[in-house]
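Heads up, the thing below is written out as structure tokens.
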Amino acid sequence: MLRLRKKQHLVFLLCVWCLVVDLSKAETEESEGGPMEKTEQAALYSTIQGFVGESWNGSYLYPDPCGWTPIQGVTCDMYDDLWYVTALSFGTMKDNSLACSDIPVIRPQLFELKHLKSLSLFSCFTSPYRYLASISDEKWLDLSKSLERLEIRSNPGLIGELPSVITNLTNLQSLVVLENQLTGPLPENLAKLTRLRRLVLSGNRFTGRIPEVYGLTGLLILDLSRNFLSGSLPLSIGGLESLLKLDLSNNYLEGKLPRELESLKNLTLLDLRNNRLSGGLTKDIQEMSSLVELVLSNNHLAGDLTGIEWRNLKNLVVLDLSNTGLKGEIPGSVLELKKLRFLGLSNNNLGGKLIPQMETEMPSLSALYVNGNNISGELEFSRKFYEKMGRRLGVWGNPNLCYNGKEIKNLSDHVPFGVNQCKRIKADKY
């Protein structure tokens with residue numbers, strides 16, 4: 001009996017000892033902040049305080065910044081059994097982003113996050129006179145091995161030039177610098193970013209020519225719209241064989257449409273509206289059979305529509321050639337565009353009649369604008385067509401055009417705006 005009690009006592013002592021060891025180990029792990037390298041945690045906290053404010057201290061986090069209570073806007077991953085920051089998002093773009101203070105600061109500790117793959121700054125710099133160029137080249141280069149995605153969006157207080165050292169971030173797959181107030185020329189060596197899939201630099205105040213883009217064979221999206229870029233389109237654009245979307249609209253680009261565009265066999269969007277392009281529609285456009293949207297409005301192209309084999313562009317949904325100086329007539333070959341929904345030919349010098357077969361041969365057409373031309377004769381569409389189109393039928397500004405009153409009798413809401421009813425001349429009686 002005595003021996004049994006001694007055994008029970010030993011078992012009890014052993015259990016107590018194990019419990020003490022476990023508690024001690026847990027306290028040690030908690031005091032050390034969990035499985036995140038101390039220098040990484042310090043760099044992260046300092047970076048966040050720079051953007052959010054000194055009042056932020058992360059005291060509510062347990063057991064570490066990437067543990068059970070992760071920080072909004074921070075994504076982590078494990079490397080060698082330790083947590084490291086892989087993505088940071090500041091601003092109000094996403095629900096889980098960190099809101100920026102009134103005067104955010106990009107601290108040097110940001111560039112000590114050696115596994116950072118994604119950095120997003122949305123509407124952080126709203127006060128004027130903040131410069132990206134104030135960050136040293138050496139700091140940017142610290143991210144060159146890891147950074148894959150850089151997005152700087154909607155920062156009206158961000159001015160100055162885009163640092164040329166950005167082109168040394170050769171692992172970048174997405175570079176989005178959108179709707180800031182950046183100025184000056186685009187970096188000449190953008191072609192060094194050979195891994196890019198998306199390049200969006202729109203809505204800034206960039207000037208000068210578009211640099212050559214040789215080597216960006218994997219690029220899917222190129223958007224340089226809404227800037228002050230000038231000069232001609234670089235011929236190297238024809239080498240972007242993977243490109244899906246090309247938007248260079250709302251600039252001051254000049255010259256002819258380059259023949260090299262025909263090499264863009266995968267392109268679905270070509271938007272060059274609101275530039276100063278000239279030289280007519282190149283026939284090479286008809287080789288771009290994958291096009292879904294072709295928007296060239298408000299340029300000085302001139303020429304006519306008859307030289308294009310429109311049947312080759314059978315995937316077109318949007319075609320806008322408004323205010324491009326076109327002359328001649330609308331060719332019957334446009335009837336081959338069976339998927340077309342929007343046809344914009346307004347404010348040109350087009351004449352002849354409006355093809356009545358558009359109603360039956362173009363079943364998807366839901367918006368037709370030919371206003372401001374010299375189209376003449378009688379509109380020969382049915383009542384059903386007028387009902388379908390409504391105010392999306394723009395035919396005003398053609399002085400010699402009229403409509404048949406019999407087709408839209410008692411349908412005053414759908415009378416073509418700005419067009420008179422045709423006058424019928426009765427035969428004289430003898």
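Letters A, B, ... go to the chains of the structure tokens in the order shown; residues in each chain start at 1; ligands are counted from 1 in the same order.
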
### Task
Write out as a PyMOL selection string which residues come within 12 Å of region 41-54 of chain A when counting only C-alpha atoms, dropping same-chain ones fewer than 6 positions away.
chain A and resi 32-35+61+64-66+71-76+82-92+97-116+119-125

Save out the residues we just selected, N, CA and C atoms, as a short mmCIF file (atom, residue, chain, number, x, y, z; two decimals), in the first residue's frame.
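What landed in selection30.cif:
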```cif
data_model
loop_
_atom_site.label_atom_id
_atom_site.label_comp_id
_atom_site.auth_asym_id
_atom_site.auth_seq_id
_atom_site.Cartn_x
_atom_site.Cartn_y
_atom_site.Cartn_z
N GLU A 32 9.30 36.72 -26.66
CA GLU A 32 10.14 36.92 -27.84
C GLU A 32 9.33 37.35 -29.06
N GLY A 33 8.00 37.46 -28.94
CA GLY A 33 7.18 37.98 -30.04
C GLY A 33 6.80 36.96 -31.07
N GLY A 34 6.97 35.69 -30.85
CA GLY A 34 6.55 34.70 -31.81
C GLY A 34 7.57 34.52 -32.91
N PRO A 35 7.23 33.71 -33.94
CA PRO A 35 8.19 33.34 -34.98
C PRO A 35 8.38 34.40 -36.05
N LEU A 61 -1.57 43.09 -30.97
CA LEU A 61 -1.26 41.92 -31.79
C LEU A 61 -0.76 40.77 -30.94
N ASP A 64 2.15 37.66 -32.70
CA ASP A 64 3.09 38.43 -33.52
C ASP A 64 2.29 39.10 -34.64
N PRO A 65 2.87 39.99 -35.44
CA PRO A 65 2.13 40.73 -36.46
C PRO A 65 1.48 39.86 -37.54
N CYS A 66 1.90 38.62 -37.64
CA CYS A 66 1.34 37.75 -38.67
C CYS A 66 0.60 36.56 -38.06
N ILE A 71 -2.34 42.19 -38.99
CA ILE A 71 -2.55 43.60 -39.25
C ILE A 71 -3.28 43.78 -40.58
N GLN A 72 -4.24 44.69 -40.60
CA GLN A 72 -4.91 45.00 -41.86
C GLN A 72 -3.89 45.56 -42.86
N GLY A 73 -4.02 45.10 -44.10
CA GLY A 73 -3.13 45.59 -45.15
C GLY A 73 -1.76 44.95 -45.17
N VAL A 74 -1.54 43.96 -44.31
CA VAL A 74 -0.23 43.28 -44.24
C VAL A 74 -0.43 41.81 -44.52
N THR A 75 0.34 41.29 -45.46
CA THR A 75 0.33 39.86 -45.76
C THR A 75 1.71 39.29 -45.49
N CYS A 76 1.72 38.11 -44.88
CA CYS A 76 2.99 37.47 -44.52
C CYS A 76 3.10 36.09 -45.13
N LEU A 82 10.18 31.24 -40.28
CA LEU A 82 9.96 32.56 -39.71
C LEU A 82 9.00 33.35 -40.59
N TRP A 83 8.20 34.23 -39.94
CA TRP A 83 7.29 35.08 -40.70
C TRP A 83 8.05 36.26 -41.32
N TYR A 84 7.72 36.55 -42.59
CA TYR A 84 8.23 37.75 -43.25
C TYR A 84 7.09 38.44 -44.00
N VAL A 85 7.18 39.75 -44.11
CA VAL A 85 6.14 40.52 -44.80
C VAL A 85 6.32 40.37 -46.31
N THR A 86 5.23 40.02 -47.01
CA THR A 86 5.29 39.88 -48.47
C THR A 86 4.43 40.91 -49.20
N ALA A 87 3.47 41.55 -48.51
CA ALA A 87 2.61 42.54 -49.17
C ALA A 87 2.18 43.60 -48.17
N LEU A 88 2.23 44.86 -48.62
CA LEU A 88 1.77 45.99 -47.82
C LEU A 88 0.81 46.83 -48.66
N SER A 89 -0.31 47.21 -48.04
CA SER A 89 -1.30 48.03 -48.73
C SER A 89 -1.74 49.16 -47.80
N PHE A 90 -1.44 50.40 -48.21
CA PHE A 90 -1.81 51.57 -47.43
C PHE A 90 -2.84 52.40 -48.21
N GLY A 91 -3.83 52.94 -47.50
CA GLY A 91 -4.86 53.74 -48.13
C GLY A 91 -6.22 53.10 -47.94
N THR A 92 -7.21 53.60 -48.67
CA THR A 92 -8.60 53.15 -48.49
C THR A 92 -9.11 52.35 -49.68
N SER A 97 -7.12 47.57 -45.85
CA SER A 97 -5.93 48.40 -45.98
C SER A 97 -5.78 49.30 -44.75
N LEU A 98 -4.56 49.73 -44.49
CA LEU A 98 -4.26 50.66 -43.41
C LEU A 98 -4.49 52.09 -43.89
N ALA A 99 -5.30 52.86 -43.17
CA ALA A 99 -5.59 54.24 -43.56
C ALA A 99 -4.38 55.13 -43.28
N CYS A 100 -4.07 55.99 -44.22
CA CYS A 100 -2.91 56.86 -44.08
C CYS A 100 -3.26 58.10 -43.25
N SER A 101 -2.25 58.64 -42.58
CA SER A 101 -2.43 59.87 -41.82
C SER A 101 -2.43 61.06 -42.78
N ASP A 102 -2.63 62.25 -42.24
CA ASP A 102 -2.67 63.46 -43.09
C ASP A 102 -1.32 63.74 -43.74
N ILE A 103 -0.25 63.41 -43.03
CA ILE A 103 1.09 63.65 -43.57
C ILE A 103 1.90 62.35 -43.45
N PRO A 104 1.68 61.41 -44.34
CA PRO A 104 2.42 60.14 -44.28
C PRO A 104 3.88 60.33 -44.71
N VAL A 105 4.71 59.44 -44.23
CA VAL A 105 6.15 59.49 -44.54
C VAL A 105 6.60 58.10 -44.97
N ILE A 106 7.33 58.04 -46.07
CA ILE A 106 7.95 56.78 -46.49
C ILE A 106 9.28 56.66 -45.77
N ARG A 107 9.31 55.82 -44.74
CA ARG A 107 10.52 55.67 -43.93
C ARG A 107 11.49 54.69 -44.59
N PRO A 108 12.76 54.84 -44.32
CA PRO A 108 13.76 53.94 -44.93
C PRO A 108 13.58 52.49 -44.52
N GLN A 109 12.92 52.26 -43.36
CA GLN A 109 12.73 50.88 -42.90
C GLN A 109 11.86 50.07 -43.86
N LEU A 110 11.04 50.75 -44.68
CA LEU A 110 10.23 50.04 -45.68
C LEU A 110 11.12 49.17 -46.57
N PHE A 111 12.29 49.68 -46.90
CA PHE A 111 13.17 49.01 -47.85
C PHE A 111 14.03 47.93 -47.19
N GLU A 112 13.80 47.72 -45.89
CA GLU A 112 14.49 46.64 -45.18
C GLU A 112 13.66 45.36 -45.15
N LEU A 113 12.44 45.42 -45.69
CA LEU A 113 11.57 44.23 -45.73
C LEU A 113 12.00 43.39 -46.93
N LYS A 114 12.90 42.46 -46.69
CA LYS A 114 13.64 41.82 -47.77
C LYS A 114 12.84 40.80 -48.58
N HIS A 115 11.62 40.45 -48.13
CA HIS A 115 10.78 39.53 -48.89
C HIS A 115 9.51 40.22 -49.43
N LEU A 116 9.51 41.55 -49.45
CA LEU A 116 8.33 42.30 -49.88
C LEU A 116 8.10 42.11 -51.38
N LEU A 119 3.59 46.22 -53.03
CA LEU A 119 3.46 47.47 -52.30
C LEU A 119 2.40 48.32 -52.99
N SER A 120 1.38 48.73 -52.23
CA SER A 120 0.28 49.53 -52.79
C SER A 120 0.05 50.76 -51.93
N LEU A 121 0.07 51.95 -52.57
CA LEU A 121 -0.17 53.23 -51.89
C LEU A 121 -1.34 53.91 -52.59
N PHE A 122 -2.50 53.94 -51.92
CA PHE A 122 -3.71 54.49 -52.54
C PHE A 122 -4.18 55.71 -51.76
N SER A 123 -4.22 56.86 -52.44
CA SER A 123 -4.75 58.09 -51.87
C SER A 123 -4.13 58.42 -50.52
N CYS A 124 -2.83 58.26 -50.43
CA CYS A 124 -2.10 58.58 -49.20
C CYS A 124 -1.56 60.00 -49.22
N PHE A 125 -0.96 60.39 -50.35
CA PHE A 125 -0.29 61.68 -50.44
C PHE A 125 -1.24 62.70 -51.07
#
```

### Message
Can you tell me which residues surround region 253-268 of chain A at a distance of at most 9 Å, considering only C-alpha atoms, apart from same-chain residues fewer than 3 positions away, and format the answer as a ChimeraX atom specification?
### Response
/A:209,220,228-246,248-250,272,274-294,301,315-316

### Message
Please determine, counting only C-alpha atoms, which residue among A:Ile330, A:Ile166, A:Leu354, A:Met78 has the shortest atom-to-atom distance to Asn400 (chain A).
### Response
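Of the candidates, the smallest distance to Asn400 (chain A) is held by A:Leu354.
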
### Message
Can you pull out every residue from region 95-264 of chain A that DSSP, working from the backbone, puts in helix (DSSP H, G or I), and format the result as a ChimeraX atom specification?
### Response
/A:108-112,132-134,137-141,164-168,190-192,235-239,259-263

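For the set A:Leu162, A:Lys117, A:Leu147, A:Glu309, the residue with the smallest atom-to-atom gap to Tyr131 (chain A) is A:Leu162, counting only C-alpha atoms.
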
### Task
List the neighbours of Leu350 (chain A) out to 10 Å using only C-alpha atoms; skip same-chain residues closer than 6 positions along the sequence, and give me the result as a ChimeraX atom specification.
/A:304-305,325-330,370-376,398

### Query
Suppose you want the space between CA of Gly203 (chain A) and CA of Asn180 (chain A); what is it in Å?
6.7 Å

### DSSP strand (DSSP E) residues within region 14-233 of chain A, as a VMD selection string
chain A and resid 74 to 79 82 to 91 118 to 122 130 to 131 149 to 155 158 to 159 174 to 180 183 to 185 198 to 200 205 to 208 221 to 223 228 to 231

### Query
When distances are computed from only C-alpha atoms, which of A:Leu201, A:Val334, A:Leu319, A:Ala191 shows the smallest separation from Thr217 (chain A)?
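Closest to Thr217 (chain A) of all the choices is A:Ala191.
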
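Once Leu178 (chain A) and its same-chain neighbours fewer than 3 positions away are set aside, Glu151, Ile152, Arg153, Ser154, Asn155, Val200, Leu201, Ser202, Gly203 and Asn204 of chain A remain within 9 Å of it when counting only C-alpha atoms.
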
### Polymer residues at most 9 Å from Asn189 (chain A), only C-alpha atoms, same-chain spacing of 3 or more positions, as a ChimeraX atom specification
/A:164,167-168,186,192-193,211-213

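Across the structure, CA of Val419 (chain A) and CA of Met389 (chain A) are spaced 15.2 Å apart.
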